[in-house]
$ cat run.tsv   # TSV, C-alpha atoms
chain	number	residue	atom	x	y	z
A	1	MET	CA	-33.77	13.85	-3.01
A	2	ALA	CA	-31.27	11.06	-2.33
A	3	THR	CA	-29.47	11.16	1.01
A	4	LEU	CA	-26.22	9.65	2.20
A	5	PRO	CA	-26.65	6.27	3.92
A	6	SER	CA	-25.91	5.96	7.63
A	7	PHE	CA	-22.34	5.36	8.80
A	8	LEU	CA	-22.89	1.63	9.35
A	9	GLU	CA	-24.69	1.28	6.03
A	10	LEU	CA	-21.79	2.99	4.24
A	11	TYR	CA	-19.45	0.55	5.95
A	12	ARG	CA	-21.72	-2.39	5.13
A	13	GLU	CA	-21.96	-1.58	1.41
A	14	LEU	CA	-18.21	-1.10	1.06
A	15	ILE	CA	-17.44	-4.41	2.76
A	16	ALA	CA	-20.12	-6.21	0.72
A	17	SER	CA	-18.45	-5.31	-2.60
A	18	PRO	CA	-15.46	-7.59	-3.32
A	19	SER	CA	-12.40	-5.73	-4.62
A	20	VAL	CA	-9.52	-8.14	-4.14
A	21	SER	CA	-6.22	-7.40	-5.81
A	22	CYS	CA	-3.86	-10.31	-6.27
A	23	LEU	CA	-1.16	-11.33	-8.72
A	24	ASP	CA	-3.02	-14.65	-9.00
A	25	ALA	CA	-5.82	-14.09	-11.54
A	26	HIS	CA	-7.99	-16.62	-9.67
A	27	TRP	CA	-8.38	-14.13	-6.82
A	28	ASP	CA	-8.08	-10.79	-8.61
A	29	THR	CA	-11.27	-8.75	-9.06
A	30	SER	CA	-12.16	-5.27	-10.30
A	31	ASN	CA	-12.79	-2.43	-7.85
A	32	LYS	CA	-15.34	-0.84	-10.19
A	33	ILE	CA	-18.34	-1.39	-7.89
A	34	VAL	CA	-16.60	0.19	-4.90
A	35	ILE	CA	-15.45	3.16	-6.96
A	36	GLY	CA	-18.97	3.59	-8.32
A	37	LYS	CA	-20.44	3.69	-4.82
A	38	LEU	CA	-17.86	6.20	-3.59
A	39	ALA	CA	-18.33	8.40	-6.65
A	40	GLY	CA	-22.10	8.50	-6.12
A	41	TRP	CA	-21.79	9.30	-2.41
A	42	PHE	CA	-19.29	12.12	-2.88
A	43	GLU	CA	-21.41	13.61	-5.66
A	44	LEU	CA	-24.33	13.62	-3.21
A	45	LEU	CA	-22.19	15.70	-0.87
A	46	GLY	CA	-21.46	18.24	-3.62
A	47	PHE	CA	-18.02	17.13	-4.78
A	48	THR	CA	-16.90	17.08	-8.39
A	49	VAL	CA	-15.84	13.52	-9.19
A	50	GLN	CA	-13.37	12.15	-11.72
A	51	VAL	CA	-12.95	8.42	-12.36
A	52	ASN	CA	-10.01	7.08	-14.37
A	53	GLU	CA	-9.56	3.55	-15.60
A	54	LEU	CA	-5.93	2.58	-15.01
A	55	GLU	CA	-3.72	2.44	-18.07
A	56	ALA	CA	-1.58	-0.28	-16.47
A	57	GLN	CA	-4.50	-2.36	-15.15
A	58	ARG	CA	-7.62	-2.30	-17.30
A	59	GLY	CA	-10.73	-2.99	-15.27
A	60	LYS	CA	-9.27	-1.19	-12.23
A	61	PHE	CA	-10.16	2.41	-11.39
A	62	ASN	CA	-9.04	5.48	-9.44
A	63	MET	CA	-11.43	8.16	-8.22
A	64	LEU	CA	-10.77	11.76	-7.21
A	65	ALA	CA	-13.54	13.75	-5.52
A	66	SER	CA	-12.73	17.47	-5.24
A	67	TYR	CA	-14.24	20.66	-3.94
A	68	TYR	CA	-12.66	23.99	-4.86
A	69	PRO	CA	-13.79	27.17	-3.11
A	70	ASP	CA	-14.46	30.06	-5.49
A	71	GLY	CA	-11.24	31.41	-6.90
A	72	VAL	CA	-9.00	28.83	-5.19
A	73	SER	CA	-7.40	26.15	-7.38
A	74	SER	CA	-4.57	24.79	-5.25
A	75	GLY	CA	-3.62	24.02	-1.66
A	76	GLY	CA	-5.83	22.44	0.96
A	77	LEU	CA	-6.05	18.80	1.95
A	78	LEU	CA	-5.98	15.43	0.20
A	79	LEU	CA	-7.42	12.40	2.02
A	80	SER	CA	-6.29	9.20	0.33
A	81	GLY	CA	-6.98	5.50	0.61
A	82	HIS	CA	-6.98	2.31	-1.41
A	83	THR	CA	-10.15	0.44	-2.33
A	84	ASP	CA	-8.68	-3.04	-2.70
A	85	THR	CA	-8.15	-5.80	-0.16
A	86	VAL	CA	-5.97	-8.87	0.02
A	87	PRO	CA	-7.57	-12.29	-0.64
A	88	TRP	CA	-9.34	-13.91	2.28
A	89	ASP	CA	-8.46	-17.22	3.91
A	90	GLU	CA	-11.36	-19.47	2.97
A	91	GLY	CA	-12.60	-21.57	5.86
A	92	ARG	CA	-10.74	-19.54	8.49
A	93	TRP	CA	-13.22	-16.70	8.95
A	94	SER	CA	-15.85	-17.01	11.69
A	95	GLN	CA	-18.37	-15.29	9.43
A	96	ASP	CA	-18.77	-14.17	5.83
A	97	PRO	CA	-15.87	-11.76	5.14
A	98	PHE	CA	-18.19	-9.70	2.91
A	99	THR	CA	-20.88	-9.20	5.55
A	100	LEU	CA	-20.21	-6.47	8.10
A	101	THR	CA	-20.77	-8.20	11.44
A	102	GLU	CA	-20.96	-6.40	14.78
A	103	ARG	CA	-20.03	-8.67	17.68
A	104	ASP	CA	-18.26	-8.28	21.02
A	105	GLY	CA	-17.65	-4.57	20.48
A	106	ARG	CA	-16.08	-5.07	17.08
A	107	LEU	CA	-17.00	-4.57	13.41
A	108	TYR	CA	-15.77	-7.58	11.43
A	109	GLY	CA	-15.29	-7.71	7.66
A	110	LEU	CA	-12.66	-7.84	4.92
A	111	GLY	CA	-11.40	-4.28	4.61
A	112	SER	CA	-12.95	-3.10	7.87
A	113	ALA	CA	-9.51	-1.91	9.02
A	114	ASP	CA	-7.36	-2.18	5.88
A	115	MET	CA	-8.85	0.01	4.63
A	116	LYS	CA	-12.25	0.39	2.98
A	117	GLY	CA	-13.63	1.52	6.32
A	118	PHE	CA	-11.62	4.75	6.10
A	119	PHE	CA	-13.96	6.01	3.39
A	120	ALA	CA	-16.96	5.48	5.66
A	121	PHE	CA	-15.21	7.59	8.29
A	122	VAL	CA	-14.48	10.37	5.79
A	123	LEU	CA	-18.04	10.39	4.44
A	124	GLU	CA	-19.47	10.49	7.96
A	125	VAL	CA	-17.30	13.47	8.90
A	126	LEU	CA	-18.25	15.31	5.70
A	127	ARG	CA	-21.97	14.52	6.00
A	128	ASP	CA	-22.81	17.83	7.70
A	129	LEU	CA	-19.93	19.93	6.37
A	130	ASP	CA	-20.99	23.04	4.45
A	131	LEU	CA	-18.55	22.99	1.56
A	132	THR	CA	-19.29	26.62	0.76
A	133	LYS	CA	-17.57	27.55	4.04
A	134	LEU	CA	-14.26	25.98	3.00
A	135	SER	CA	-11.39	28.39	2.38
A	136	LYS	CA	-9.13	25.77	0.83
A	137	PRO	CA	-9.73	22.80	-1.51
A	138	LEU	CA	-10.60	19.36	-0.20
A	139	HIS	CA	-9.87	16.19	-2.18
A	140	ILE	CA	-10.57	12.51	-1.58
A	141	LEU	CA	-8.52	10.01	-3.58
A	142	ALA	CA	-9.51	6.34	-3.89
A	143	THR	CA	-6.96	4.09	-5.58
A	144	ALA	CA	-6.70	0.57	-6.97
A	145	ASP	CA	-4.22	-2.26	-6.47
A	146	GLU	CA	-2.30	-0.98	-3.45
A	147	GLU	CA	-2.02	-4.55	-2.17
A	148	THR	CA	-0.12	-5.70	-5.26
A	149	SER	CA	1.54	-3.34	-7.75
A	150	MET	CA	0.36	0.04	-6.42
A	151	ALA	CA	-0.68	0.69	-10.01
A	152	GLY	CA	-3.36	3.16	-8.91
A	153	ALA	CA	-1.05	5.39	-6.88
A	154	ARG	CA	1.46	5.38	-9.72
A	155	GLU	CA	-1.14	7.06	-11.96
A	156	ILE	CA	-2.32	9.92	-9.76
A	157	ASP	CA	-0.58	12.41	-12.04
A	158	ARG	CA	-3.42	11.79	-14.49
A	159	PHE	CA	-5.58	13.92	-12.18
A	160	HIS	CA	-4.23	17.17	-13.57
A	161	GLY	CA	-3.95	20.16	-11.27
A	162	LEU	CA	-3.96	18.19	-8.01
A	163	LYS	CA	-1.82	20.42	-5.77
A	164	PRO	CA	-2.77	20.06	-2.09
A	165	ASP	CA	-0.73	21.50	0.75
A	166	TYR	CA	-1.18	18.36	2.82
A	167	ALA	CA	-2.04	14.69	2.31
A	168	ILE	CA	-3.25	12.12	4.83
A	169	ILE	CA	-3.30	8.44	3.85
A	170	GLY	CA	-5.87	6.65	5.99
A	171	GLU	CA	-4.13	3.33	6.54
A	172	PRO	CA	-4.93	1.78	9.95
A	173	THR	CA	-2.44	3.36	12.35
A	174	SER	CA	-4.67	3.60	15.45
A	175	MET	CA	-4.71	7.34	14.71
A	176	THR	CA	-0.94	7.58	15.25
A	177	PRO	CA	0.91	9.70	12.66
A	178	VAL	CA	3.33	7.56	10.65
A	179	ILE	CA	6.02	9.59	8.92
A	180	MET	CA	8.43	7.07	7.44
A	181	HIS	CA	8.69	3.51	6.17
A	182	LYS	CA	11.01	1.37	4.09
A	183	GLY	CA	10.42	0.61	0.43
A	184	HIS	CA	9.52	-2.73	-1.09
A	185	MET	CA	11.14	-4.63	-3.95
A	186	SER	CA	10.06	-8.10	-5.07
A	187	GLU	CA	12.37	-9.80	-7.54
A	188	SER	CA	12.61	-13.11	-9.34
A	189	ILE	CA	16.01	-14.68	-10.02
A	190	ARG	CA	15.74	-17.44	-12.58
A	191	VAL	CA	18.52	-19.89	-13.40
A	192	THR	CA	18.24	-21.76	-16.69
A	193	GLY	CA	20.50	-24.79	-16.87
A	194	LYS	CA	20.66	-27.85	-19.13
A	195	SER	CA	18.79	-31.04	-18.34
A	196	GLY	CA	20.15	-34.54	-18.68
A	197	HIS	CA	20.35	-37.93	-16.99
A	198	SER	CA	21.44	-37.78	-13.36
A	199	SER	CA	23.91	-40.62	-13.95
A	200	ASN	CA	26.18	-38.16	-15.80
A	201	PRO	CA	26.04	-34.74	-14.04
A	202	ALA	CA	28.78	-33.31	-16.28
A	203	ALA	CA	26.53	-33.69	-19.34
A	204	GLY	CA	24.22	-30.91	-18.15
A	205	ILE	CA	24.11	-27.75	-16.07
A	206	ASN	CA	22.25	-28.23	-12.80
A	207	ALA	CA	20.19	-25.08	-12.15
A	208	ILE	CA	19.87	-25.91	-8.45
A	209	GLU	CA	23.65	-26.02	-8.07
A	210	VAL	CA	23.98	-22.70	-9.88
A	211	MET	CA	21.27	-21.26	-7.65
A	212	HIS	CA	23.31	-22.43	-4.65
A	213	ASP	CA	26.09	-20.14	-5.86
A	214	VAL	CA	23.59	-17.32	-6.36
A	215	ILE	CA	22.23	-17.71	-2.83
A	216	THR	CA	25.76	-17.72	-1.39
A	217	GLU	CA	26.32	-14.31	-2.98
A	218	LEU	CA	22.94	-13.00	-1.85
A	219	ARG	CA	23.80	-13.94	1.74
A	220	GLN	CA	26.86	-11.73	1.39
A	221	ILE	CA	24.57	-8.87	0.35
A	222	GLN	CA	22.59	-9.36	3.54
A	223	THR	CA	25.78	-8.85	5.50
A	224	ARG	CA	26.80	-5.86	3.39
A	225	PHE	CA	23.46	-4.15	4.01
A	226	ALA	CA	23.93	-4.41	7.77
A	227	GLU	CA	27.49	-3.07	7.54
A	228	ARG	CA	26.93	-0.23	5.07
A	229	TYR	CA	23.58	1.33	6.04
A	230	CYS	CA	21.94	2.42	9.28
A	231	ASP	CA	18.78	4.32	10.22
A	232	HIS	CA	18.02	4.06	13.93
A	233	HIS	CA	14.42	5.15	13.46
A	234	PHE	CA	13.68	1.54	12.53
A	235	ALA	CA	13.72	-1.55	14.73
A	236	VAL	CA	15.73	-3.22	11.95
A	237	PRO	CA	17.97	-0.23	11.08
A	238	TYR	CA	19.33	-1.47	7.75
A	239	PRO	CA	17.90	-2.65	4.40
A	240	THR	CA	16.88	-6.30	4.35
A	241	LEU	CA	16.96	-9.06	1.76
A	242	ASN	CA	14.72	-12.06	2.33
A	243	LEU	CA	14.89	-15.36	0.42
A	244	GLY	CA	11.16	-15.98	0.23
A	245	SER	CA	10.35	-18.77	-2.21
A	246	ILE	CA	12.27	-21.26	-4.33
A	247	HIS	CA	11.20	-23.85	-6.90
A	248	GLY	CA	13.29	-26.08	-9.14
A	249	GLY	CA	13.55	-29.49	-10.73
A	250	ASP	CA	10.97	-32.17	-11.47
A	251	ALA	CA	12.57	-35.54	-10.66
A	252	ALA	CA	15.41	-36.95	-8.59
A	253	ASN	CA	16.95	-38.73	-11.58
A	254	ARG	CA	17.11	-35.66	-13.84
A	255	ILE	CA	19.59	-32.81	-13.93
A	256	CYS	CA	17.56	-29.76	-12.96
A	257	ALA	CA	17.10	-27.44	-15.94
A	258	CYS	CA	15.35	-24.56	-14.19
A	259	CYS	CA	15.31	-23.06	-10.72
A	260	GLU	CA	13.55	-19.85	-9.65
A	261	LEU	CA	14.03	-17.86	-6.46
A	262	HIS	CA	11.80	-14.99	-5.27
A	263	ILE	CA	13.39	-12.42	-2.99
A	264	ASP	CA	12.10	-9.41	-1.07
A	265	MET	CA	14.21	-6.32	-0.38
A	266	ARG	CA	13.32	-3.37	1.87
A	267	PRO	CA	15.37	-0.23	1.12
A	268	LEU	CA	15.64	2.58	3.65
A	269	PRO	CA	14.00	5.95	2.96
A	270	GLY	CA	16.28	8.07	0.79
A	271	MET	CA	18.11	5.11	-0.76
A	272	GLN	CA	18.33	5.05	-4.52
A	273	LEU	CA	16.81	1.79	-5.73
A	274	ASN	CA	19.60	1.44	-8.26
A	275	GLU	CA	21.97	0.95	-5.32
A	276	MET	CA	20.20	-2.30	-4.53
A	277	TYR	CA	20.35	-3.59	-8.09
A	278	GLU	CA	23.96	-2.53	-8.57
A	279	LEU	CA	24.98	-4.47	-5.49
A	280	ILE	CA	23.21	-7.59	-6.79
A	281	ASP	CA	24.87	-7.20	-10.20
A	282	GLU	CA	28.25	-6.79	-8.53
A	283	ARG	CA	27.87	-9.88	-6.35
A	284	LEU	CA	26.48	-12.09	-9.14
A	285	ALA	CA	28.99	-11.02	-11.79
A	286	GLU	CA	31.27	-14.02	-11.21
A	287	VAL	CA	28.39	-16.51	-11.32
A	288	LYS	CA	27.10	-14.96	-14.54
A	289	GLN	CA	30.56	-15.12	-16.08
A	290	LYS	CA	30.89	-18.79	-15.16
A	291	TYR	CA	27.43	-19.62	-16.57
A	292	PRO	CA	26.80	-17.19	-19.46
A	293	GLY	CA	23.13	-16.43	-20.06
A	294	ALA	CA	21.99	-18.69	-17.21
A	295	VAL	CA	21.02	-16.13	-14.56
A	296	ALA	CA	18.29	-13.53	-15.07
A	297	LEU	CA	16.61	-11.09	-12.65
A	298	THR	CA	13.12	-9.72	-13.30
A	299	HIS	CA	10.72	-7.58	-11.25
A	300	LEU	CA	7.71	-9.33	-9.74
A	301	HIS	CA	6.29	-5.81	-9.53
A	302	ALA	CA	7.74	-2.36	-10.07
A	303	PRO	CA	9.88	-1.34	-7.09
A	304	ILE	CA	8.48	0.96	-4.38
A	305	PRO	CA	10.90	3.44	-2.80
A	306	GLY	CA	11.09	4.26	0.88
A	307	TYR	CA	9.18	7.21	2.31
A	308	ARG	CA	9.93	9.92	4.85
A	309	CYS	CA	8.10	13.10	5.85
A	310	ALA	CA	10.14	15.76	7.64
A	311	GLU	CA	9.71	15.33	11.38
A	312	ASP	CA	9.32	19.09	11.83
A	313	ALA	CA	6.71	19.45	9.06
A	314	GLU	CA	3.66	21.53	9.95
A	315	LEU	CA	1.31	18.63	9.19
A	316	VAL	CA	3.18	16.36	11.60
A	317	ASP	CA	2.89	18.94	14.36
A	318	ILE	CA	-0.84	19.42	13.73
A	319	ALA	CA	-1.57	15.69	13.64
A	320	THR	CA	0.44	15.08	16.79
A	321	VAL	CA	-1.46	17.75	18.71
A	322	ILE	CA	-4.91	16.66	17.50
A	323	THR	CA	-4.41	12.92	18.05
A	324	GLY	CA	-2.21	13.17	21.14
A	325	ASN	CA	0.08	10.54	19.60
A	326	ALA	CA	3.75	11.05	18.78
A	327	ALA	CA	4.83	10.40	15.19
A	328	GLU	CA	6.60	7.10	14.50
A	329	PRO	CA	7.97	4.91	11.68
A	330	ALA	CA	6.22	1.83	10.28
A	331	ASN	CA	7.49	-1.56	9.18
A	332	TYR	CA	4.97	-1.95	6.36
A	333	CYS	CA	4.89	-0.20	2.98
A	334	THR	CA	2.19	2.18	1.66
A	335	GLU	CA	1.35	4.47	-1.26
A	336	ALA	CA	3.04	7.37	0.54
A	337	PRO	CA	6.05	7.67	-1.84
A	338	PHE	CA	3.66	8.24	-4.74
A	339	ILE	CA	1.25	10.54	-2.89
A	340	GLN	CA	4.25	12.54	-1.71
A	341	ALA	CA	4.92	13.40	-5.35
A	342	VAL	CA	2.00	15.86	-5.16
A	343	THR	CA	2.90	17.26	-1.71
A	344	PRO	CA	5.95	16.75	0.53
A	345	GLN	CA	3.71	17.07	3.61
A	346	THR	CA	2.26	13.56	3.46
A	347	ILE	CA	1.58	11.40	6.51
A	348	ILE	CA	-0.14	8.08	7.17
A	349	LEU	CA	-2.92	8.27	9.73
A	350	GLY	CA	-6.17	6.37	10.07
A	351	PRO	CA	-8.57	4.44	12.30
A	352	GLY	CA	-8.13	0.76	13.10
A	353	SER	CA	-5.02	-1.24	13.87
A	354	ILE	CA	-2.48	-2.54	11.36
A	355	ALA	CA	-2.34	-5.66	13.54
A	356	GLN	CA	-5.72	-6.62	12.04
A	357	ALA	CA	-4.60	-6.32	8.43
A	358	HIS	CA	-4.23	-9.33	6.13
A	359	GLN	CA	-5.71	-11.93	8.45
A	360	PRO	CA	-8.98	-13.81	9.07
A	361	ASP	CA	-11.66	-12.07	11.14
A	362	GLU	CA	-10.27	-8.62	10.42
A	363	TYR	CA	-12.02	-6.04	12.59
A	364	ILE	CA	-12.08	-2.53	14.00
A	365	GLU	CA	-13.01	-1.80	17.61
A	366	VAL	CA	-16.35	0.00	17.97
A	367	LYS	CA	-14.87	2.11	20.79
A	368	GLU	CA	-12.33	3.54	18.30
A	369	ILE	CA	-15.00	4.98	16.03
A	370	ALA	CA	-16.14	8.11	17.90
A	371	PRO	CA	-12.63	9.36	18.84
A	372	ALA	CA	-11.35	8.75	15.29
A	373	LEU	CA	-14.31	10.61	13.77
A	374	ALA	CA	-13.68	13.55	16.10
A	375	GLN	CA	-9.97	13.68	15.28
A	376	LEU	CA	-10.54	13.42	11.53
A	377	SER	CA	-13.11	16.19	11.77
A	378	ARG	CA	-10.64	18.48	13.55
A	379	LEU	CA	-7.95	17.72	10.97
A	380	ILE	CA	-10.25	18.48	8.04
A	381	HIS	CA	-11.49	21.71	9.56
A	382	GLN	CA	-8.04	22.95	10.48
A	383	LEU	CA	-6.37	22.01	7.17
A	384	THR	CA	-9.13	23.43	4.95
A	385	ALA	CA	-9.75	26.50	7.13
A	386	ALA	CA	-13.40	25.57	7.53
A	387	PRO	CA	-15.30	26.96	10.53
A	388	ALA	CA	-14.76	24.71	13.56
A	389	PRO	CA	-17.56	22.19	14.22
A	390	VAL	CA	-19.98	23.18	16.97

$ encode --input "run.tsv" --output "structure tokens"
Amino acid sequence: MATLPSFLELYRELIASPSVSCLDAHWDTSNKIVIGKLAGWFELLGFTVQVNELEAQRGKFNMLASYYPDGVSSGGLLLSGHTDTVPWDEGRWSQDPFTLTERDGRLYGLGSADMKGFFAFVLEVLRDLDLTKLSKPLHILATADEETSMAGAREIDRFHGLKPDYAIIGEPTSMTPVIMHKGHMSESIRVTGKSGHSSNPAAGINAIEVMHDVITELRQIQTRFAERYCDHHFAVPYPTLNLGSIHGGDAANRICACCELHIDMRPLPGMQLNEMYELIDERLAEVKQKYPGAVALTHLHAPIPGYRCAEDAELVDIATVITGNAAEPANYCTEAPFIQAVTPQTIILGPGSIAQAHQPDEYIEVKEIAPALAQLSRLIHQLTAAPAPV
């Protein structure tokens, strides 16, 4: 009879299977191998497994492993994580990013913290759990493309009947409960002008000059955000708008015919995303009137709203007591707004540090492993009403 690999072997196999998500097709890979491994391991433990190919991203997959006690079809706990990683910086790693390497009290590898390693933790905790002793359902969700479009989390409603009482997303928080974060919107503003010889600027429409007017208005939006909105939970207590990337023109002696600007906006939890777009439309109305048809805004990916779990929620209290860490906000964005659609009591809590995410030589401290396993075990037992571990 097949048995579950050891904790380090689980970790090793997950890290060894590339599952990069990136808007650049050169980097982007399927997560099928990782999903296949997870599906097989959870089936070994006695879970019923469903795997869905994404409708929005063919070749990418979500997995839901579930155990329902007899006669119980709802409630319980959902543990969730994403199976993809960001691209790696070639030449900047001290070792192969796809080989789990233990050195100096650390486990190095792409996804060791963010966040393939979370699944190794979950599997290790469940290794000796008698599922027949559960009083409430237990689910494990593995998603695709969190690092780009969050396409996987957007399709969790395809797992019909998923109705947990609580959800924990295992992003690396150093086992500190995270209960709120801003949203994320990435937009492209494209100005289409009219080319011509630079010796006669009036004969064309210079897209760079028009973009200058656009940027002037966007800078006013930055000021408006700071004046109109405030949430003191965050170090930066207002929505932000960042001018991230700009490209335009092809020669000094030509009137620029096209200029494109990419911006990033971070709405506060509870903000309607339409507020952001309406403010842009309002500020750019005069520029659009002056240059009809020249200015267009498109999404680089579908917008992600902000997220907030009630500070007095039962799950927050339980996680705070078990981990000994007070709940806090985060600056980064996660799948929480989409997971929260299946249960309001959703928090972000996992082993490893977010400081290690998205950089060369990503690692998790070996000394973090045992305490994190113990805390996850207590959370699972308490939230599924399983007998306490001996």

$ closest_atom_pairs --input "run.tsv" --of "region 206-234 of chain A" --to "region 328-342 of chain A" --cutoff "12 Å" --atoms "only C-alpha atoms" --output "Markdown table"
| residue | atom | partner | partner_atom | distance |
| --- | --- | --- | --- | --- |
| A:Asp231 | CA | A:Pro329 | CA | 10.9 |
| A:His232 | CA | A:Pro329 | CA | 10.3 |
| A:His233 | CA | A:Pro329 | CA | 6.7 |
| A:Phe234 | CA | A:Pro329 | CA | 6.7 |

$ closest_residue --input "run.tsv" --among "A:Ser245, A:Leu78, A:Thr48, A:Gly193" --to "Lys163 (chain A)" --atoms "all atoms listed in the file"
A:Leu78

$ atom_distance --input "run.tsv" --atom1 "CA of Leu241 (chain A)" --atom2 "CA of Leu300 (chain A)"
14.8 Å

$ atom_distance --input "run.tsv" --atom1 "CA of Phe225 (chain A)" --atom2 "CA of Arg283 (chain A)"
12.6 Å

$ closest_residue --input "run.tsv" --among "A:Ile179, A:Thr192, A:Arg219, A:Trp27" --to "Asp312 (chain A)" --atoms "all atoms listed in the file"
A:Ile179

$ closest_residue --input "run.tsv" --among "A:Leu138, A:Val287, A:Leu268, A:Ile169" --to "Glu209 (chain A)" --atoms "only C-alpha atoms"
A:Val287

$ closest_residue --input "run.tsv" --among "A:Leu131, A:Ile347, A:Ala65, A:Ala235" --to "Thr173 (chain A)" --atoms "only C-alpha atoms"
A:Ile347

$ decode --input "run.tsv" --residues "region 167-201 of chain A" --atoms "C-alpha atoms" --output "CSV table (one decimal), in the first residue's frame"
chain,number,residue,atom,x,y,z
A,167,ALA,CA,-11.2,29.6,5.9
A,168,ILE,CA,-7.4,30.0,6.4
A,169,ILE,CA,-5.2,31.1,3.5
A,170,GLY,CA,-1.7,29.8,4.2
A,171,GLU,CA,0.3,32.7,2.8
A,172,PRO,CA,3.6,33.3,4.7
A,173,THR,CA,2.7,35.5,7.6
A,174,SER,CA,5.1,34.1,10.3
A,175,MET,CA,1.9,32.5,11.8
A,176,THR,CA,0.5,36.0,12.5
A,177,PRO,CA,-3.2,36.3,11.6
A,178,VAL,CA,-3.7,38.9,8.8
A,179,ILE,CA,-7.3,40.2,8.7
A,180,MET,CA,-7.2,43.0,6.1
A,181,HIS,CA,-5.4,44.2,3.0
A,182,LYS,CA,-5.9,46.7,0.2
A,183,GLY,CA,-7.0,45.6,-3.3
A,184,HIS,CA,-5.0,45.7,-6.5
A,185,MET,CA,-5.8,47.2,-9.8
A,186,SER,CA,-3.4,47.2,-12.8
A,187,GLU,CA,-4.4,49.4,-15.7
A,188,SER,CA,-3.0,50.5,-19.1
A,189,ILE,CA,-3.6,54.0,-20.4
A,190,ARG,CA,-2.8,54.2,-24.1
A,191,VAL,CA,-2.6,57.4,-26.1
A,192,THR,CA,-2.9,57.1,-29.8
A,193,GLY,CA,-1.7,60.2,-31.6
A,194,LYS,CA,-0.7,61.0,-35.2
A,195,SER,CA,2.9,60.6,-36.5
A,196,GLY,CA,4.7,63.0,-38.7
A,197,HIS,CA,8.0,64.8,-39.2
A,198,SER,CA,9.4,66.5,-36.1
A,199,SER,CA,10.1,69.7,-38.2
A,200,ASN,CA,6.4,70.4,-38.2
A,201,PRO,CA,4.8,69.5,-34.8
